[in-house]
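Visitor: You'll find work14.pdb just under this line, and it carries PDB, C-alpha atoms.
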```
ATOM      1  CA  MET A 448     -21.724  23.574  37.573
ATOM      2  CA  LEU A 449     -20.708  23.737  33.950
ATOM      3  CA  THR A 450     -22.819  26.070  31.873
ATOM      4  CA  ARG A 451     -23.817  25.391  28.286
ATOM      5  CA  ARG A 452     -21.263  28.053  27.262
ATOM      6  CA  ASP A 453     -18.512  26.231  29.186
ATOM      7  CA  ILE A 454     -19.360  22.971  27.440
ATOM      8  CA  LEU A 455     -19.354  24.607  24.014
ATOM      9  CA  LEU A 456     -16.030  26.343  24.649
ATOM     10  CA  GLY A 457     -14.531  23.071  25.848
ATOM     11  CA  ALA A 458     -15.720  21.272  22.735
ATOM     12  CA  VAL A 459     -14.232  23.964  20.505
ATOM     13  CA  ALA A 460     -10.909  23.761  22.336
ATOM     14  CA  ALA A 461     -10.849  19.957  22.089
ATOM     15  CA  GLY A 462     -11.646  20.142  18.391
ATOM     16  CA  ALA A 463      -8.822  22.621  17.834
ATOM     17  CA  ALA A 464      -6.389  20.351  19.680
ATOM     18  CA  VAL A 465      -7.346  17.368  17.529
ATOM     19  CA  HIS A 466      -7.034  19.499  14.400
ATOM     20  CA  LEU A 467      -3.527  20.604  15.341
ATOM     21  CA  ARG A 468      -2.434  17.068  16.187
ATOM     22  CA  THR A 469      -3.913  15.716  12.973
ATOM     23  CA  SER A 470      -2.477  18.474  10.795
ATOM     24  CA  PHE A 471       1.023  18.635  12.204
ATOM     25  CA  ALA A 472       1.842  15.086  13.364
ATOM     26  CA  LYS A 473       4.882  13.809  11.513
ATOM     27  CA  ALA A 474       5.084  10.562   9.610
ATOM     28  CA  SER A 475       8.338   8.632   9.995
ATOM     29  CA  GLN A 476      11.487   9.588   8.122
ATOM     30  CA  PRO A 477      14.562   7.392   7.523
ATOM     31  CA  ALA A 478      17.189   7.404  10.261
ATOM     32  CA  THR A 479      19.609   4.990   8.559
ATOM     33  CA  PRO A 480      21.466   6.097   5.403
ATOM     34  CA  VAL A 481      21.012   3.914   2.333
ATOM     35  CA  ASN A 482      24.108   1.715   2.022
ATOM     36  CA  PHE A 483      23.970   0.676  -1.648
ATOM     37  CA  ASP A 484      23.693   2.330  -5.050
ATOM     38  CA  VAL A 485      19.996   2.839  -5.763
ATOM     39  CA  PRO A 486      19.540   2.787  -9.554
ATOM     40  CA  ALA A 487      18.119   5.811 -11.358
ATOM     41  CA  GLY A 488      14.363   5.648 -11.770
ATOM     42  CA  ALA A 489      13.788   3.560  -8.650
ATOM     43  CA  CYS A 490      10.187   3.313  -7.471
ATOM     44  CA  ASP A 491       8.541   2.959  -4.075
ATOM     45  CA  CYS A 492       5.538   0.905  -5.119
ATOM     46  CA  HIS A 493       3.426   1.152  -1.964
ATOM     47  CA  THR A 494       2.628   4.397  -0.160
ATOM     48  CA  HIS A 495      -0.422   6.272   1.099
ATOM     49  CA  ILE A 496      -1.422   9.910   1.497
ATOM     50  CA  HIS A 497      -3.534  10.960   4.506
ATOM     51  CA  GLY A 498      -4.650  14.493   3.788
ATOM     52  CA  ASP A 499      -5.977  17.167   6.122
ATOM     53  CA  PRO A 500      -9.291  15.624   7.219
ATOM     54  CA  GLU A 501     -11.043  18.979   6.831
ATOM     55  CA  LYS A 502     -10.236  18.835   3.102
ATOM     56  CA  PHE A 503     -10.183  15.067   2.686
ATOM     57  CA  PRO A 504     -12.724  13.631   5.165
ATOM     58  CA  TYR A 505     -12.414  10.014   6.158
ATOM     59  CA  PHE A 506     -14.938   7.304   5.330
ATOM     60  CA  THR A 507     -17.553   6.911   8.085
ATOM     61  CA  GLY A 508     -17.216   3.122   7.904
ATOM     62  CA  ARG A 509     -13.453   3.114   8.560
ATOM     63  CA  ILE A 510     -11.969   0.968  11.338
ATOM     64  CA  TYR A 511      -9.254   3.447  12.377
ATOM     65  CA  THR A 512      -8.323   7.138  12.061
ATOM     66  CA  PRO A 513      -4.694   7.794  11.054
ATOM     67  CA  GLU A 514      -2.528  10.831  11.557
ATOM     68  CA  THR A 515      -1.826  12.898   8.475
ATOM     69  CA  ALA A 516       0.878  11.986   5.964
ATOM     70  CA  LEU A 517       1.359  14.726   3.408
ATOM     71  CA  PRO A 518       3.010  14.954  -0.031
ATOM     72  CA  GLU A 519       5.864  17.116   1.228
ATOM     73  CA  GLU A 520       6.676  14.519   3.885
ATOM     74  CA  MET A 521       6.648  11.803   1.217
ATOM     75  CA  ALA A 522       8.989  13.896  -0.932
ATOM     76  CA  ALA A 523      11.441  14.136   1.983
ATOM     77  CA  LEU A 524      11.229  10.380   2.509
ATOM     78  CA  HIS A 525      12.026   9.630  -1.103
ATOM     79  CA  LYS A 526      14.855  12.149  -1.269
ATOM     80  CA  ALA A 527      16.511  10.277   1.597
ATOM     81  CA  LEU A 528      15.815   6.874  -0.004
ATOM     82  CA  ARG A 529      16.839   8.040  -3.508
ATOM     83  CA  MET A 530      13.483   7.017  -4.949
ATOM     84  CA  GLN A 531      12.469   8.939  -8.054
ATOM     85  CA  ARG A 532       9.056   7.349  -8.586
ATOM     86  CA  VAL A 533       6.138   6.425  -6.395
ATOM     87  CA  VAL A 534       2.882   4.486  -6.429
ATOM     88  CA  ILE A 535       0.215   5.951  -4.141
ATOM     89  CA  VAL A 536      -2.507   3.557  -2.994
ATOM     90  CA  THR A 537      -5.864   4.651  -1.589
ATOM     91  CA  PRO A 538      -6.019   3.459   2.038
ATOM     92  CA  SER A 539      -9.118   1.905   3.588
ATOM     93  CA  VAL A 540      -9.908   5.017   5.653
ATOM     94  CA  TYR A 541     -11.217   6.758   2.524
ATOM     95  CA  GLY A 542     -13.545   4.003   1.318
ATOM     96  CA  THR A 543     -13.996   4.608  -2.418
ATOM     97  CA  ASP A 544     -13.028   8.288  -2.253
ATOM     98  CA  ASN A 545      -9.733   8.577  -4.126
ATOM     99  CA  THR A 546      -9.307  12.353  -3.950
ATOM    100  CA  ALA A 547      -6.454  12.275  -1.398
ATOM    101  CA  THR A 548      -4.555   9.817  -3.598
ATOM    102  CA  LEU A 549      -5.075  12.021  -6.642
ATOM    103  CA  PHE A 550      -3.939  15.032  -4.584
ATOM    104  CA  GLY A 551      -0.703  13.226  -3.738
ATOM    105  CA  MET A 552      -0.196  12.185  -7.350
ATOM    106  CA  ARG A 553      -0.594  15.751  -8.602
ATOM    107  CA  ALA A 554       2.017  16.932  -6.114
ATOM    108  CA  ARG A 555       4.504  14.367  -7.466
ATOM    109  CA  GLY A 556       3.722  14.912 -11.152
ATOM    110  CA  ALA A 557       4.825  12.505 -13.869
ATOM    111  CA  ASP A 558       6.771  10.348 -11.401
ATOM    112  CA  ALA A 559       3.570   9.194  -9.659
ATOM    113  CA  ARG A 560       1.040   6.479 -10.387
ATOM    114  CA  GLY A 561      -2.034   5.539  -8.398
ATOM    115  CA  VAL A 562      -4.051   2.533  -7.312
ATOM    116  CA  ALA A 563      -7.675   3.343  -6.532
ATOM    117  CA  VAL A 564     -10.472   1.752  -4.546
ATOM    118  CA  ILE A 565     -13.803   1.467  -6.358
ATOM    119  CA  ASP A 566     -17.140  -0.305  -6.054
ATOM    120  CA  SER A 567     -20.079  -1.108  -8.299
ATOM    121  CA  LYS A 568     -21.362   2.475  -7.956
ATOM    122  CA  THR A 569     -18.160   4.065  -9.264
ATOM    123  CA  PRO A 570     -19.089   5.416 -12.714
ATOM    124  CA  GLU A 571     -17.041   4.657 -15.802
ATOM    125  CA  SER A 572     -16.509   8.382 -16.278
ATOM    126  CA  GLU A 573     -14.686   8.501 -12.939
ATOM    127  CA  LEU A 574     -12.464   5.590 -13.980
ATOM    128  CA  ASP A 575     -11.728   7.434 -17.223
ATOM    129  CA  SER A 576     -10.742  10.565 -15.295
ATOM    130  CA  MET A 577      -8.544   8.653 -12.862
ATOM    131  CA  GLY A 578      -6.869   6.815 -15.715
ATOM    132  CA  ARG A 579      -5.935  10.119 -17.328
ATOM    133  CA  ALA A 580      -4.459  11.218 -13.980
ATOM    134  CA  GLY A 581      -2.214   8.144 -13.782
ATOM    135  CA  VAL A 582      -4.283   5.569 -11.910
ATOM    136  CA  CYS A 583      -3.504   2.134 -13.320
ATOM    137  CA  GLY A 584      -5.024  -0.356 -10.872
ATOM    138  CA  VAL A 585      -7.694  -1.046  -8.277
ATOM    139  CA  ARG A 586      -7.164  -2.401  -4.782
ATOM    140  CA  LEU A 587      -9.175  -4.974  -2.862
ATOM    141  CA  ASN A 588      -8.318  -4.428   0.799
ATOM    142  CA  LEU A 589      -9.658  -7.668   2.201
ATOM    143  CA  SER A 590      -7.307  -7.876   5.189
ATOM    144  CA  THR A 591      -8.091  -4.534   6.823
ATOM    145  CA  GLY A 592     -11.799  -5.177   6.383
ATOM    146  CA  GLY A 593     -11.489  -8.643   7.918
ATOM    147  CA  THR A 594     -12.722 -10.474   4.805
ATOM    148  CA  ASN A 595     -11.544 -14.076   5.013
ATOM    149  CA  ASP A 596     -14.446 -15.897   3.354
ATOM    150  CA  PRO A 597     -13.148 -17.461   0.108
ATOM    151  CA  VAL A 598     -16.578 -17.145  -1.510
ATOM    152  CA  VAL A 599     -16.574 -13.404  -0.908
ATOM    153  CA  GLY A 600     -12.953 -13.105  -1.976
ATOM    154  CA  ARG A 601     -13.556 -14.955  -5.231
ATOM    155  CA  ARG A 602     -16.607 -12.849  -6.055
ATOM    156  CA  ARG A 603     -14.880  -9.554  -5.331
ATOM    157  CA  PHE A 604     -11.824 -10.536  -7.343
ATOM    158  CA  GLN A 605     -13.911 -11.542 -10.350
ATOM    159  CA  GLU A 606     -15.920  -8.326 -10.200
ATOM    160  CA  ALA A 607     -12.778  -6.188 -10.031
ATOM    161  CA  ALA A 608     -11.018  -8.013 -12.875
ATOM    162  CA  GLU A 609     -14.093  -7.746 -15.062
ATOM    163  CA  ARG A 610     -14.384  -4.040 -14.335
ATOM    164  CA  VAL A 611     -10.848  -3.099 -15.389
ATOM    165  CA  LYS A 612      -9.944  -5.681 -18.023
ATOM    166  CA  THR A 613     -10.421  -3.273 -20.943
ATOM    167  CA  ARG A 614      -8.327  -0.537 -19.306
ATOM    168  CA  ASN A 615      -4.885  -2.163 -19.126
ATOM    169  CA  TRP A 616      -5.146  -1.879 -15.314
ATOM    170  CA  HIS A 617      -4.324  -4.466 -12.667
ATOM    171  CA  VAL A 618      -6.014  -5.775  -9.529
ATOM    172  CA  GLN A 619      -4.048  -5.342  -6.314
ATOM    173  CA  MET A 620      -4.999  -7.419  -3.275
ATOM    174  CA  ASN A 621      -4.260  -6.962   0.392
ATOM    175  CA  THR A 622      -5.119 -10.414   1.673
ATOM    176  CA  ASN A 623      -3.630 -13.511   3.304
ATOM    177  CA  LEU A 624      -2.113 -16.749   2.074
ATOM    178  CA  ALA A 625      -5.293 -18.706   2.728
ATOM    179  CA  MET A 626      -7.124 -16.449   0.290
ATOM    180  CA  VAL A 627      -4.289 -16.760  -2.229
ATOM    181  CA  ALA A 628      -4.708 -20.528  -2.137
ATOM    182  CA  ALA A 629      -8.497 -20.206  -2.446
ATOM    183  CA  ILE A 630      -8.384 -18.012  -5.553
ATOM    184  CA  LYS A 631      -5.266 -19.376  -7.257
ATOM    185  CA  ASP A 632      -7.283 -20.758 -10.162
ATOM    186  CA  LEU A 633      -8.872 -17.361 -10.780
ATOM    187  CA  VAL A 634      -5.492 -15.641 -10.628
ATOM    188  CA  ALA A 635      -4.026 -18.170 -13.062
ATOM    189  CA  ALA A 636      -6.832 -17.426 -15.528
ATOM    190  CA  SER A 637      -7.071 -13.689 -14.847
ATOM    191  CA  PRO A 638      -7.439 -11.343 -17.835
ATOM    192  CA  VAL A 639      -5.483  -8.676 -15.904
ATOM    193  CA  PRO A 640      -2.272  -8.666 -13.854
ATOM    194  CA  VAL A 641      -2.727  -9.501 -10.167
ATOM    195  CA  VAL A 642      -0.551  -7.943  -7.470
ATOM    196  CA  PHE A 643      -0.375  -9.153  -3.853
ATOM    197  CA  ASP A 644       0.597  -6.641  -1.177
ATOM    198  CA  HIS A 645       3.093  -7.210   1.629
ATOM    199  CA  PHE A 646       4.293 -10.759   0.817
ATOM    200  CA  ALA A 647       0.556 -11.637   0.751
ATOM    201  CA  ASN A 648       0.808 -11.065   4.516
ATOM    202  CA  ALA A 649       2.914 -14.183   4.986
ATOM    203  CA  ARG A 650       4.229 -14.478   8.535
ATOM    204  CA  ALA A 651       8.002 -14.205   8.513
ATOM    205  CA  GLU A 652       8.484 -16.412  11.557
ATOM    206  CA  LEU A 653       6.681 -19.324   9.855
ATOM    207  CA  GLY A 654       9.086 -19.415   6.922
ATOM    208  CA  VAL A 655       8.610 -20.796   3.444
ATOM    209  CA  GLN A 656       6.787 -23.924   4.620
ATOM    210  CA  GLN A 657       3.726 -22.079   5.920
ATOM    211  CA  PRO A 658       0.395 -23.014   4.280
ATOM    212  CA  GLY A 659      -0.343 -21.066   1.129
ATOM    213  CA  PHE A 660       3.180 -19.802   0.485
ATOM    214  CA  ALA A 661       3.929 -22.523  -2.067
ATOM    215  CA  GLU A 662       0.836 -21.482  -4.025
ATOM    216  CA  LEU A 663       2.000 -17.858  -3.986
ATOM    217  CA  VAL A 664       5.466 -18.857  -5.213
ATOM    218  CA  GLU A 665       3.974 -20.958  -8.005
ATOM    219  CA  LEU A 666       1.768 -18.076  -9.192
ATOM    220  CA  VAL A 667       4.826 -15.829  -9.265
ATOM    221  CA  ARG A 668       6.905 -18.483 -11.047
ATOM    222  CA  SER A 669       4.241 -18.830 -13.738
ATOM    223  CA  GLY A 670       4.146 -15.071 -14.230
ATOM    224  CA  LYS A 671       0.470 -14.920 -13.232
ATOM    225  CA  ALA A 672       1.032 -12.905 -10.058
ATOM    226  CA  TRP A 673       3.172 -10.036  -8.856
ATOM    227  CA  VAL A 674       4.223  -9.587  -5.221
ATOM    228  CA  LYS A 675       5.211  -6.472  -3.343
ATOM    229  CA  ILE A 676       8.055  -7.343  -0.995
ATOM    230  CA  SER A 677       6.913  -4.661   1.431
ATOM    231  CA  ILE A 678       6.612  -5.196   5.162
ATOM    232  CA  SER A 679       3.174  -4.423   6.584
ATOM    233  CA  GLY A 680       2.479  -3.020  10.033
ATOM    234  CA  GLY A 681       4.962  -1.738  12.579
ATOM    235  CA  PRO A 682       8.586  -2.647  13.081
ATOM    236  CA  PRO A 683       8.736  -6.456  13.205
ATOM    237  CA  PRO A 684      10.921  -7.961  15.905
ATOM    238  CA  ASP A 685      13.108  -9.770  13.412
ATOM    239  CA  TYR A 686      13.651  -8.123  10.029
ATOM    240  CA  PRO A 687      16.080 -10.872   8.893
ATOM    241  CA  ALA A 688      13.247 -13.405   9.198
ATOM    242  CA  PHE A 689      11.788 -12.035   5.951
ATOM    243  CA  ALA A 690      14.895 -13.029   3.986
ATOM    244  CA  PRO A 691      13.847 -16.631   3.175
ATOM    245  CA  LEU A 692      10.440 -15.427   1.945
ATOM    246  CA  ALA A 693      11.936 -12.668  -0.194
ATOM    247  CA  ARG A 694      14.622 -14.904  -1.650
ATOM    248  CA  ALA A 695      12.127 -17.631  -2.530
ATOM    249  CA  LEU A 696       9.894 -15.180  -4.387
ATOM    250  CA  ILE A 697      12.792 -13.511  -6.185
ATOM    251  CA  ALA A 698      14.249 -16.864  -7.177
ATOM    252  CA  ALA A 699      10.856 -17.980  -8.507
ATOM    253  CA  ASN A 700      10.595 -15.043 -10.922
ATOM    254  CA  SER A 701      12.492 -11.795 -10.370
ATOM    255  CA  GLU A 702      10.412 -10.150 -13.118
ATOM    256  CA  ARG A 703       7.278 -10.291 -10.961
ATOM    257  CA  ILE A 704       8.639  -8.606  -7.822
ATOM    258  CA  VAL A 705       8.346  -4.955  -6.819
ATOM    259  CA  TRP A 706       9.386  -3.169  -3.625
ATOM    260  CA  GLY A 707       7.581  -0.707  -1.383
ATOM    261  CA  THR A 708       7.823   1.014   1.975
ATOM    262  CA  ASN A 709       4.167   0.978   3.099
ATOM    263  CA  TRP A 710       4.833   4.555   4.260
ATOM    264  CA  PRO A 711       3.431   6.200   6.384
ATOM    265  CA  HIS A 712       2.952   2.883   8.199
ATOM    266  CA  PRO A 713      -0.634   3.212   9.463
ATOM    267  CA  ASN A 714      -1.673   1.214  12.518
ATOM    268  CA  SER A 715      -5.010  -0.254  11.487
ATOM    269  CA  GLY A 716      -4.995  -2.871  14.250
ATOM    270  CA  SER A 717      -4.441  -0.697  17.303
ATOM    271  CA  GLY A 718      -7.694  -1.680  19.007
ATOM    272  CA  ARG A 719      -8.692   1.968  19.427
ATOM    273  CA  ARG A 720     -12.131   3.266  18.577
ATOM    274  CA  ALA A 721     -12.567   3.856  14.847
ATOM    275  CA  THR A 722     -12.883   7.615  15.337
ATOM    276  CA  GLU A 723      -9.973   7.894  17.779
ATOM    277  CA  LEU A 724      -6.765   9.301  16.324
ATOM    278  CA  THR A 725      -4.211   6.490  16.013
ATOM    279  CA  PRO A 726      -0.503   7.376  15.849
ATOM    280  CA  LEU A 727       1.419   6.133  12.838
ATOM    281  CA  PHE A 728       4.123   3.535  13.355
ATOM    282  CA  GLN A 729       7.598   5.060  13.386
ATOM    283  CA  VAL A 730       9.607   2.883  10.977
ATOM    284  CA  ASP A 731      13.152   3.461   9.745
ATOM    285  CA  ASP A 732      12.666   2.969   6.010
ATOM    286  CA  GLY A 733      16.391   3.386   5.388
ATOM    287  CA  LEU A 734      16.968   0.259   7.440
ATOM    288  CA  VAL A 735      14.204  -1.529   5.540
ATOM    289  CA  LEU A 736      15.562  -0.525   2.118
ATOM    290  CA  ASN A 737      19.010  -1.765   3.153
ATOM    291  CA  LEU A 738      17.513  -5.253   3.421
ATOM    292  CA  LEU A 739      17.148  -5.390  -0.359
ATOM    293  CA  PRO A 740      20.825  -6.156  -1.132
ATOM    294  CA  VAL A 741      20.583  -8.988   1.407
ATOM    295  CA  TRP A 742      17.518 -10.360  -0.325
ATOM    296  CA  ALA A 743      18.870  -9.677  -3.829
ATOM    297  CA  PRO A 744      22.697  -9.487  -3.858
ATOM    298  CA  ASP A 745      22.808  -9.132  -7.659
ATOM    299  CA  ALA A 746      22.620  -5.452  -8.683
ATOM    300  CA  ALA A 747      20.950  -6.363 -11.984
ATOM    301  CA  ILE A 748      18.119  -8.101 -10.148
ATOM    302  CA  ARG A 749      17.755  -5.140  -7.783
ATOM    303  CA  LYS A 750      17.387  -2.906 -10.836
ATOM    304  CA  LYS A 751      14.596  -5.152 -12.087
ATOM    305  CA  ILE A 752      12.792  -4.910  -8.757
ATOM    306  CA  LEU A 753      13.257  -1.172  -8.266
ATOM    307  CA  VAL A 754      13.125   0.134 -11.843
ATOM    308  CA  ASP A 755      12.257  -2.239 -14.673
ATOM    309  CA  ASN A 756       9.356  -4.125 -13.099
ATOM    310  CA  PRO A 757       7.574  -0.988 -11.820
ATOM    311  CA  ALA A 758       8.051   0.644 -15.227
ATOM    312  CA  LYS A 759       6.262  -2.298 -16.827
ATOM    313  CA  LEU A 760       3.494  -2.743 -14.260
ATOM    314  CA  TYR A 761       2.714   0.941 -13.751
ATOM    315  CA  ALA A 762       3.525   2.205 -17.261
ATOM    316  CA  PHE A 763       6.145   4.769 -16.263
TER     317      PHE A 763
END
```
Rewrite the coordinates I just gave you, this time as structure tokens.
Guide:
Amino acid sequence: MLTRRDILLGAVAAGAAVHLRTSFAKASQPATPVNFDVPAGACDCHTHIHGDPEKFPYFTGRIYTPETALPEEMAALHKALRMQRVVIVTPSVYGTDNTATLFGMRARGADARGVAVIDSKTPESELDSMGRAGVCGVRLNLSTGGTNDPVVGRRRFQEAAERVKTRNWHVQMNTNLAMVAAIKDLVAASPVPVVFDHFANARAELGVQQPGFAELVELVRSGKAWVKISISGGPPPDYPAFAPLARALIAANSERIVWGTNWPHPNSGSGRRATELTPLFQVDDGLVLNLLPVWAPDAAIRKKILVDNPAKLYAF
């Protein structure tokens, strides 16, 4: 029969094993060399930092637990991709705690900007402090939280825009095309820039005719919305299927498009228990970056997407 001492020793051993796995698991690194000239000052506009959970504990209301993804791993990624600059976005696993993002930004120095997650309880003094550190936007992560109600989406967007409109910040949204269509009037009248993550989660296999995509294109064409042409989730079965979506958005207004990796590619939809460690997707970001010349054959337009547009949106 197991004694109380046996049980305690087993728990300690299990905890140590989880700690080692969490601390030393490796986020993906590019396997494919970049095959085009990346312009100086290029920016990866969508990344996350997952710090050591003993120093940066996760939000108790999270829906998944990722492996770590540390600043030194991000630096290696960007050396391979020839990316000088980075935007670090607070992931949902931290709730409104932005300390891991700020940690990653400090490690990168002047070449980093941040996008924070806040709520009504976040004091103005904290926004002031984050602004001085290089935070220049707030994120509404509606998709990971499963928020699809347009009434809720409209309210949360209005609250966020109102909160940051005097700060020269933007509102970034991780949501779907149905929500884009539902809030298009608010976006068109927004007092702050609005940025949609990951093609607004358009489904590549449905093409440019899918519901809501025309509304997204029109918001981009009018200059009222920005879109990150970053691919969410794990390796899709058909990378080329994103080409029509990317080309349509770029053709609509190349001055409202930015690019990002979504590194370290967290798997928020694994179906595991929220507290169970979920391996990161292993994505070849060199292969993904090499899609950009296919989407934007003109080098001048690629420079807009990688350098000029991020410099404007994130005040580099």
Visitor: Report the residues retrieved by the PyMOL selection byres ((chain A and resi 763) around 12) from the displayed file, expressed as number ranges by chain.
Guide: A: 488-490, 492, 531-534, 556-561, 581-583, 754-762
Visitor: For the structure shown, which residues end up in the PyMOL selection byres ((chain A and resi 596) around 12)? Put them as an mmCIF file with C-alpha atoms, in the coordinates of the input, please?
Guide:
```cif
data_model
loop_
_atom_site.group_PDB
_atom_site.id
_atom_site.type_symbol
_atom_site.label_atom_id
_atom_site.label_comp_id
_atom_site.auth_asym_id
_atom_site.auth_seq_id
_atom_site.Cartn_x
_atom_site.Cartn_y
_atom_site.Cartn_z
ATOM 1 C CA LEU A 589 -9.658 -7.668 2.201
ATOM 2 C CA SER A 590 -7.307 -7.876 5.189
ATOM 3 C CA GLY A 592 -11.799 -5.177 6.383
ATOM 4 C CA GLY A 593 -11.489 -8.643 7.918
ATOM 5 C CA THR A 594 -12.722 -10.474 4.805
ATOM 6 C CA ASN A 595 -11.544 -14.076 5.013
ATOM 7 C CA PRO A 597 -13.148 -17.461 0.108
ATOM 8 C CA VAL A 598 -16.578 -17.145 -1.510
ATOM 9 C CA VAL A 599 -16.574 -13.404 -0.908
ATOM 10 C CA GLY A 600 -12.953 -13.105 -1.976
ATOM 11 C CA ARG A 601 -13.556 -14.955 -5.231
ATOM 12 C CA ARG A 602 -16.607 -12.849 -6.055
ATOM 13 C CA ARG A 603 -14.880 -9.554 -5.331
ATOM 14 C CA THR A 622 -5.119 -10.414 1.673
ATOM 15 C CA ASN A 623 -3.630 -13.511 3.304
ATOM 16 C CA ALA A 625 -5.293 -18.706 2.728
ATOM 17 C CA MET A 626 -7.124 -16.449 0.290
ATOM 18 C CA VAL A 627 -4.289 -16.760 -2.229
ATOM 19 C CA ALA A 629 -8.497 -20.206 -2.446
ATOM 20 C CA ILE A 630 -8.384 -18.012 -5.553
#
```
Visitor: Extract, using all atoms listed in the file, all DNA, RNA and protein residues at most 10 Å from Leu663 in chain A, discarding same-chain residues fewer than 2 positions from it, and format them as a PDB file with C-alpha atoms, keeping the file's coordinate frame.
Guide:
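Heads up, here's the output in out29.pdb:
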```
ATOM      1  CA  LEU A 624      -2.113 -16.749   2.074  1.00  0.00           C
ATOM      2  CA  ALA A 625      -5.293 -18.706   2.728  1.00  0.00           C
ATOM      3  CA  VAL A 627      -4.289 -16.760  -2.229  1.00  0.00           C
ATOM      4  CA  ALA A 628      -4.708 -20.528  -2.137  1.00  0.00           C
ATOM      5  CA  LYS A 631      -5.266 -19.376  -7.257  1.00  0.00           C
ATOM      6  CA  PHE A 643      -0.375  -9.153  -3.853  1.00  0.00           C
ATOM      7  CA  PHE A 646       4.293 -10.759   0.817  1.00  0.00           C
ATOM      8  CA  ALA A 647       0.556 -11.637   0.751  1.00  0.00           C
ATOM      9  CA  ALA A 649       2.914 -14.183   4.986  1.00  0.00           C
ATOM     10  CA  PRO A 658       0.395 -23.014   4.280  1.00  0.00           C
ATOM     11  CA  GLY A 659      -0.343 -21.066   1.129  1.00  0.00           C
ATOM     12  CA  PHE A 660       3.180 -19.802   0.485  1.00  0.00           C
ATOM     13  CA  ALA A 661       3.929 -22.523  -2.067  1.00  0.00           C
ATOM     14  CA  GLU A 665       3.974 -20.958  -8.005  1.00  0.00           C
ATOM     15  CA  LEU A 666       1.768 -18.076  -9.192  1.00  0.00           C
ATOM     16  CA  VAL A 667       4.826 -15.829  -9.265  1.00  0.00           C
ATOM     17  CA  ARG A 668       6.905 -18.483 -11.047  1.00  0.00           C
ATOM     18  CA  LYS A 671       0.470 -14.920 -13.232  1.00  0.00           C
ATOM     19  CA  ALA A 672       1.032 -12.905 -10.058  1.00  0.00           C
ATOM     20  CA  TRP A 673       3.172 -10.036  -8.856  1.00  0.00           C
ATOM     21  CA  VAL A 674       4.223  -9.587  -5.221  1.00  0.00           C
ATOM     22  CA  LEU A 696       9.894 -15.180  -4.387  1.00  0.00           C
ATOM     23  CA  ALA A 699      10.856 -17.980  -8.507  1.00  0.00           C
TER      24      ALA A 699
END
```
Visitor: I'd like the neighbourhood of Thr613 in chain A as a VMD selection string, where a residue qualifies if any of its atoms comes within 12 Å (using only C-alpha atoms), though same-chain residues fewer than 5 positions away should be ignored.
Guide: chain A and resid 571 574 to 575 578 583 to 584 607 to 608 638 to 639
Visitor: Put a box with edges along x, y and z around all the listed atoms of range 650-656 of chain A, pad it by 5 Å on each side, then give me its centre and sizes in Å, one decimal, as lines of an AutoDock Vina configuration file.
Guide:
```
center_x = 6.7
center_y = -19.1
center_z = 7.5
size_x = 14.9
size_y = 19.7
size_z = 18.1
```
Visitor: Choose the residue, out of A:Phe503, A:Asp644, A:Arg650, A:Phe728, that has the smallest atom-to-atom separation from Pro713 in chain A; count only C-alpha atoms.
Guide: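 Under the stated criterion, the closest residue is A:Phe728.
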Visitor: Suppose you want the space between CA of Glu519 in chain A and CA of Gln729 in chain A; what is it in Å?
Guide: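 Atom-to-atom, CA of Glu519 in chain A to CA of Gln729 in chain A, that is 17.2 Å.
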Visitor: Once the PyMOL selection byres ((chain A and resi 564) around 9) has been applied to the shown file, what residues remain in the selection, as an MDAnalysis selection string?
Guide: chainID A and resid 536:539 541:545 562:563 565:566 584:588
Visitor: Measuring between all atoms listed in the file, which one of A:Ile704, A:Leu549, A:Met620, A:Met521 shows the shortest distance to Ser475 in chain A?
Guide: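 Of A:Ile704, A:Leu549, A:Met620, A:Met521, the one nearest Ser475 in chain A, counting all atoms listed in the file, is A:Met521.
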Visitor: For Thr722 in chain A, which of A:Ser677, A:Gln619, A:Thr507, A:Thr494 is the closest residue, counting all atoms listed in the file?
Guide: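 That would be A:Thr507, the residue with the smallest distance to Thr722 in chain A.
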Visitor: Quick one: distance from CA of His493 in chain A to CA of Thr479 in chain A in Å, one decimal?
Guide: 19.7 Å
Visitor: Find the distance between CA of Gly680 in chain A and CA of Asn714 in chain A and write it in Å to one decimal.
Guide: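 Atom-to-atom, CA of Gly680 in chain A to CA of Asn714 in chain A, that is 6.4 Å.
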Visitor: Would you mind telling me which residue in A:Gly508, A:Asn709, A:Ser572, A:Val642 lies nearest to Ile496 in chain A when using all atoms listed in the file?
Guide: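 When distances to Ile496 in chain A are compared using all atoms listed in the file, the smallest one comes from A:Asn709.
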Visitor: Would you mind telling me which residue in A:Thr546, A:Asp491, A:Ala516, A:Gly670 lies nearest to Ala636 in chain A when using all atoms listed in the file?
Guide: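 Among the listed residues, A:Gly670 lies closest to Ala636 in chain A.
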Visitor: Rank nothing, just name the residue among A:Gly716, A:Pro687, A:Pro500, A:Pro486 nearest to Lys751 in chain A, using only C-alpha atoms.
Guide: A:Pro486
